[in-house]
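The next block is start-v5.cif, given as mmCIF, C-alpha atoms.
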data_entry
#
loop_
_atom_site.label_atom_id
_atom_site.label_comp_id
_atom_site.auth_asym_id
_atom_site.auth_seq_id
_atom_site.Cartn_x
_atom_site.Cartn_y
_atom_site.Cartn_z
CA ALA Z 1 0.00 0.00 0.00
CA THR Z 2 1.28 3.46 -0.81
CA LYS Z 3 1.54 6.01 1.96
CA LYS Z 4 -0.71 8.83 0.75
CA GLU Z 5 -2.98 7.49 -1.94
CA ARG Z 6 -4.25 4.55 0.16
CA GLU Z 7 -3.57 2.17 -2.70
CA ALA Z 8 -3.06 -1.57 -2.85
CA TRP Z 9 -0.92 -2.87 -5.71
CA LEU Z 10 -2.49 -5.60 -7.82
CA LEU Z 11 -0.26 -8.27 -9.31
CA LYS Z 12 -0.18 -8.94 -13.01
CA ASN Z 13 2.13 -11.91 -13.43
CA ARG Z 14 4.37 -12.27 -10.37
CA PHE Z 15 3.56 -15.44 -8.46
CA ASN Z 16 5.69 -17.46 -6.05
CA GLU Z 17 4.18 -20.64 -7.44
CA PRO Z 18 4.86 -21.15 -11.19
CA MET Z 19 1.77 -23.36 -11.55
CA ALA Z 20 -0.46 -20.51 -10.34
CA SER Z 21 -0.04 -18.52 -13.53
CA ARG Z 22 -1.18 -21.27 -15.91
CA ILE Z 23 -4.57 -21.71 -17.50
CA ILE Z 24 -5.20 -24.95 -19.37
CA SER Z 25 -7.66 -24.76 -22.26
CA GLU Z 26 -9.78 -27.54 -23.75
CA LYS Z 27 -7.15 -27.78 -26.50
CA GLU Z 28 -4.60 -28.69 -23.81
CA GLU Z 29 -2.79 -25.43 -24.46
CA ILE Z 30 -1.17 -23.62 -21.56
CA LEU Z 31 -2.20 -19.99 -21.59
CA ASP Z 32 0.34 -17.90 -19.70
CA TRP Z 33 -1.13 -15.95 -16.75
CA GLY Z 34 -4.67 -14.69 -17.33
CA VAL Z 35 -4.11 -13.05 -20.69
CA GLN Z 36 -5.85 -14.63 -23.61
CA ASP Z 37 -6.54 -13.49 -27.17
CA VAL Z 38 -9.84 -14.68 -28.61
CA GLY Z 39 -10.52 -13.15 -32.00
CA ASN Z 40 -10.07 -9.41 -31.48
CA GLU Z 41 -10.78 -9.53 -27.75
CA HIS Z 42 -8.14 -9.39 -25.01
CA TYR Z 43 -8.74 -10.65 -21.48
CA GLU Z 44 -6.64 -9.68 -18.52
CA PHE Z 45 -7.16 -10.14 -14.80
CA LYS Z 46 -5.46 -8.47 -11.85
CA ILE Z 47 -5.02 -9.94 -8.40
CA CYS Z 48 -4.42 -8.67 -4.88
CA CYS Z 49 -3.59 -11.27 -2.21
CA PHE Z 50 -4.55 -11.36 1.48
CA SER Z 51 -4.36 -13.87 4.33
CA SER Z 52 -6.53 -14.60 7.35
CA SER Z 53 -3.37 -15.45 9.33
CA TYR Z 54 -1.12 -12.83 10.89
CA ASP Z 55 1.09 -14.98 13.13
CA ASN Z 56 2.38 -17.64 10.75
CA ILE Z 57 6.19 -17.83 10.84
CA LEU Z 58 6.45 -18.87 7.18
CA LEU Z 59 4.31 -15.97 6.00
CA TRP Z 60 6.51 -13.51 7.85
CA SER Z 61 9.62 -15.16 6.43
CA HIS Z 62 8.38 -15.27 2.81
CA TYR Z 63 6.42 -12.03 2.48
CA ALA Z 64 7.76 -9.62 5.11
CA ASP Z 65 11.46 -9.52 4.31
CA GLU Z 66 12.34 -12.21 6.85
CA HIS Z 67 10.42 -10.57 9.70
CA LYS Z 68 11.85 -7.10 8.95
CA GLY Z 69 8.66 -5.90 7.22
CA LEU Z 70 5.08 -5.40 8.37
CA CYS Z 71 1.55 -6.79 8.12
CA LEU Z 72 -1.45 -4.60 7.31
CA ILE Z 73 -4.71 -5.36 9.12
CA PHE Z 74 -7.84 -4.61 7.11
CA THR Z 75 -11.43 -4.45 8.30
CA THR Z 76 -13.81 -6.20 5.93
CA CYS Z 77 -17.56 -6.18 5.45
CA VAL Z 78 -19.80 -9.06 4.35
CA GLU Z 79 -21.83 -8.89 1.17
CA ASP Z 80 -23.52 -11.87 -0.53
CA ASN Z 81 -21.84 -14.18 2.02
CA LYS Z 82 -18.37 -13.01 1.01
CA TYR Z 83 -15.80 -10.88 2.77
CA CYS Z 84 -15.39 -7.59 0.93
CA LEU Z 85 -13.01 -4.65 1.07
CA GLU Z 86 -14.48 -1.18 0.73
CA CYS Z 87 -12.63 0.67 -2.02
CA GLN Z 88 -12.82 4.10 -3.62
CA PRO Z 89 -14.72 4.73 -6.88
CA ALA Z 90 -11.75 6.65 -8.32
CA SER Z 91 -9.95 3.32 -8.89
CA PHE Z 92 -12.48 2.07 -11.43
CA ASN Z 93 -13.41 2.85 -14.99
CA GLU Z 94 -17.06 3.69 -15.71
CA LEU Z 95 -18.16 3.91 -12.08
CA ARG Z 96 -20.14 6.81 -10.64
CA SER Z 97 -18.35 8.77 -7.93
CA ASP Z 98 -21.25 8.23 -5.50
CA VAL Z 99 -21.02 4.42 -5.73
CA ILE Z 100 -19.06 2.73 -2.92
CA PRO Z 101 -17.59 -0.47 -4.37
CA ASN Z 102 -17.24 -3.39 -1.97
CA VAL Z 103 -14.79 -5.67 -3.75
CA PRO Z 104 -15.15 -9.37 -2.81
CA LEU Z 105 -12.28 -11.41 -1.42
CA ASP Z 106 -12.54 -14.97 -2.71
CA ILE Z 107 -11.16 -17.80 -0.64
CA VAL Z 108 -8.36 -19.79 -2.26
CA LEU Z 109 -8.85 -23.54 -2.52
CA TYR Z 110 -5.95 -25.96 -2.11
CA SER Z 111 -5.78 -29.16 -4.11
CA ASP Z 112 -3.44 -31.80 -5.52
CA ASP Z 113 -5.21 -31.45 -8.88
CA MET Z 114 -5.22 -28.57 -11.34
CA PRO Z 115 -8.66 -27.03 -12.12
CA LYS Z 116 -10.59 -28.51 -15.01
CA PRO Z 117 -9.68 -27.10 -18.45
CA TYR Z 118 -11.27 -23.83 -19.52
CA ASN Z 119 -13.61 -23.92 -22.53
CA GLY Z 120 -14.02 -20.38 -23.84
CA LEU Z 121 -16.77 -21.46 -26.26
CA VAL Z 122 -19.26 -22.53 -23.59
CA GLU Z 123 -18.04 -20.83 -20.41
CA GLU Z 124 -18.24 -17.23 -19.32
CA ASP Z 125 -15.02 -15.21 -19.28
CA ASP Z 126 -14.90 -15.17 -15.49
CA ALA Z 127 -14.71 -18.97 -15.43
CA VAL Z 128 -10.93 -18.67 -15.80
CA GLU Z 129 -10.92 -17.24 -12.27
CA ARG Z 130 -10.94 -20.77 -10.87
CA PHE Z 131 -7.31 -21.01 -11.96
CA PHE Z 132 -6.51 -17.96 -9.84
CA LEU Z 133 -8.38 -19.36 -6.85
CA THR Z 134 -6.82 -22.82 -6.77
CA LYS Z 135 -3.31 -23.58 -5.53
CA SER Z 136 -1.26 -26.62 -4.65
CA ILE Z 137 -2.03 -28.19 -1.29
CA CYS Z 138 1.49 -27.35 -0.13
CA TRP Z 139 0.46 -23.65 0.12
CA LYS Z 140 -2.45 -24.36 2.47
CA TYR Z 141 -0.68 -22.74 5.41
CA GLU Z 142 -1.16 -19.34 3.75
CA GLU Z 143 -4.94 -19.32 4.39
CA GLU Z 144 -5.19 -17.02 1.41
CA TYR Z 145 -7.95 -14.84 0.01
CA ARG Z 146 -7.68 -13.17 -3.37
CA MET Z 147 -9.26 -10.16 -4.97
CA VAL Z 148 -9.61 -10.97 -8.68
CA LEU Z 149 -10.63 -8.15 -11.02
CA PRO Z 150 -10.84 -7.85 -14.81
CA GLY Z 151 -7.98 -5.63 -15.93
CA SER Z 152 -10.34 -3.43 -17.92
CA SER Z 153 -12.27 -2.47 -14.77
CA LEU Z 154 -9.32 -0.61 -13.23
CA LYS Z 155 -7.64 2.57 -14.32
CA ASN Z 156 -4.19 1.21 -13.43
CA ASN Z 157 -2.51 -1.40 -11.24
CA PHE Z 158 -3.48 0.33 -8.02
CA LEU Z 159 -6.72 -0.06 -6.10
CA LYS Z 160 -7.60 2.77 -3.73
CA PHE Z 161 -9.11 1.49 -0.49
CA ALA Z 162 -11.25 3.51 1.91
CA PRO Z 163 -9.15 5.02 4.74
CA LYS Z 164 -11.29 3.46 7.48
CA VAL Z 165 -10.56 -0.12 6.39
CA LEU Z 166 -6.89 0.00 7.44
CA GLU Z 167 -7.38 -1.00 11.08
CA GLY Z 168 -3.81 -1.64 12.17
CA ILE Z 169 -0.20 -2.49 11.38
CA ILE Z 170 1.92 -5.28 12.86
CA PHE Z 171 5.67 -4.71 12.75
CA GLY Z 172 7.90 -7.73 12.24
CA ALA Z 173 10.06 -9.19 15.01
CA LYS Z 174 13.23 -7.93 13.28
CA VAL Z 175 11.94 -4.57 12.08
CA ASN Z 176 14.40 -1.68 12.11
CA PRO Z 177 13.19 0.77 14.81
CA SER Z 178 13.77 3.71 12.46
CA ASP Z 179 11.56 2.06 9.81
CA ARG Z 180 8.83 1.52 12.40
CA GLU Z 181 8.92 5.14 13.51
CA MET Z 182 8.81 6.33 9.89
CA VAL Z 183 5.73 4.21 9.16
CA ILE Z 184 3.98 5.50 12.29
CA LYS Z 185 4.83 9.09 11.40
CA ILE Z 186 3.40 8.66 7.91
CA THR Z 187 0.27 6.64 8.68
CA GLY Z 188 -0.79 8.19 11.99
CA PRO Z 189 -2.18 11.46 10.55
CA ILE Z 190 -3.79 9.72 7.56
CA TYR Z 191 -5.58 6.81 9.25
CA PRO Z 192 -7.46 7.97 12.36
CA GLY Z 193 -7.74 5.34 15.06
CA ILE Z 194 -5.10 3.06 13.53
CA LYS Z 195 -3.45 0.67 16.01
CA TYR Z 196 0.13 -0.56 16.01
CA TYR Z 197 1.46 -3.93 17.15
CA ASP Z 198 4.79 -5.69 17.53
CA ALA Z 199 5.47 -9.30 16.55
CA LYS Z 200 7.89 -11.17 18.80
CA LEU Z 201 9.42 -14.62 18.44
CA ASN Z 202 8.58 -16.93 21.34
CA LEU Z 203 11.82 -18.06 22.98
CA LEU Z 204 10.44 -21.47 24.02
CA LYS Z 205 8.14 -22.39 21.14
CA TYR Z 206 8.03 -21.99 17.36
CA GLU Z 207 5.43 -19.27 17.64
CA ILE Z 208 4.94 -15.57 17.05
CA GLU Z 209 3.35 -13.42 19.73
CA ILE Z 210 1.55 -10.18 18.90
CA SER Z 211 1.41 -7.35 21.42
CA LYS Z 212 0.25 -3.73 21.26
CA PHE Z 213 2.99 -1.21 20.54
CA ASN Z 214 2.80 1.92 22.66
CA HIS Z 215 4.55 4.83 20.94
#
I need this file expressed as structure tokens, please.
Amino acid sequence: ATKKEREAWLLKNRFNEPMASRIISEKEEILDWGVQDVGNEHYEFKICCFSSSYDNILLWSHYADEHKGLCLIFTTCVEDNKYCLECQPASFNELRSDVIPNVPLDIVLYSDDMPKPYNGLVEEDDAVERFFLTKSICWKYEEEYRMVLPGSSLKNNFLKFAPKVLEGIIFGAKVNPSDREMVIKITGPIYPGIKYYDAKLNLLKYEIEISKFNH
């Protein structure tokens, strides 16, 4: 997320798992990422990734610069039985400024099998999303949710979220104190009511403990 524009960056083709960027068609072709040419039409999807876990050691090691980074805590709402993130209309093409878009967060499924092949002749375009919402069983520890949006719906690769949805920030166990103070200085005036936490490595168990940071 960027410091002033309240933006979340959506991935285009950078995945940790190489299998996650493949779509298999009925012709047994492998279509790289989510970009497909059908006649004169061009399909592209963009993804933003979240997790329901904030104290998993592997997540901190893989995605937070080996515990030197941070974890953003978002408040979600529920719409049509799905968790949603309230975003700002300015992020979207062809959306009225008075419309508050609640973007759904789809739960990722973990399996030993790839999703069934995609048949563009009989399936809707969004059917390819099942490839973005299925991962190998070995990634189950991530407890991941994904925001999947057609590329044409966004003005760029950034999605502006409503200020009130950023509830808190957890700083990694090995965060540089100067980095922590800089983040607090930047975010404090922008996000009213935001809370800050520290992650600490348990000295007796393979666990991470989260405690409130008083600054």
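Relative to CA of Asn214 in chain Z, CA of Cys77 in chain Z is found at 27.9 Å.
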Can you write out as a tab-separated table which residues of range 158-182 of chain Z fall within 7 Å of range 186-201 of chain Z, alongside each residue's closest atom pair and its distance in Å to one decimal, counting all atoms listed in the file and ordering rows by chain and ascending residue number?
residue	atom	partner	partner_atom	distance
Z:Pro163	CA	Z:Tyr191	CA	6.0
Z:Lys164	CA	Z:Tyr191	CA	6.9
Z:Glu167	CA	Z:Ile194	CA	5.3
Z:Gly168	CA	Z:Lys195	CA	4.5
Z:Ile169	CA	Z:Tyr196	CA	5.0
Z:Ile170	CA	Z:Tyr197	CA	4.5
Z:Phe171	CA	Z:Asp198	CA	5.0
Z:Gly172	CA	Z:Ala199	CA	5.2
Z:Ala173	CA	Z:Lys200	CA	4.8
Z:Met182	CA	Z:Ile186	CA	6.2
Hits from the PyMOL selection byres ((chain Z and resi 114) around 9), listed as a PyMOL selection string: chain Z and resi 19+24+111-113+115-117+131+134-136
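If you look at CA of Leu203 in chain Z and CA of Lys140 in chain Z, they are 25.8 Å away from each other.
CA of Asp65 in chain Z is positioned 27.1 Å from CA of Cys84 in chain Z.
Among the candidates Z:Leu72, Z:Phe92, Z:His67, Z:Asn102, the one nearest to Ala162 in chain Z when counting all atoms listed in the file is Z:Asn102.
Evaluated against the shown file, the PyMOL selection byres ((chain Z and resi 76) around 10) gives Z:Ile73, Z:Phe74, Z:Thr75, Z:Cys77, Z:Val78, Z:Glu79, Z:Lys82, Z:Tyr83, Z:Cys84, Z:Leu85, Z:Glu86, Z:Asn102, Z:Val103, Z:Pro104, Z:Leu105, Z:Val165, Z:Leu166, Z:Glu167.
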Of Z:Tyr63, Z:Ser91, Z:Lys160, Z:Cys49, the one sitting nearest Val108 in chain Z when using only C-alpha atoms is Z:Cys49
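Residues lying within 8 Å of Val148 in chain Z, counting all atoms listed in the file and ignoring same-chain neighbours fewer than 2 positions away, are Phe45, Lys46, Ile47, Cys48, Leu105, Asp106, Glu129, Phe132, Arg146 and Pro150 of chain Z.
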Return as a VMD selection string the set of residues that the PyMOL selection byres ((chain Z and resi 55) around 8) yields on the displayed structure. chain Z and resid 53 to 54 56 to 57 59 to 60 199 207 to 210
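Considering the residues Z:Asn81, Z:Ser153, Z:Asn176, Z:Ser52 and counting only C-alpha atoms, Pro101 in chain Z has its shortest atom-to-atom contact with Z:Ser153.
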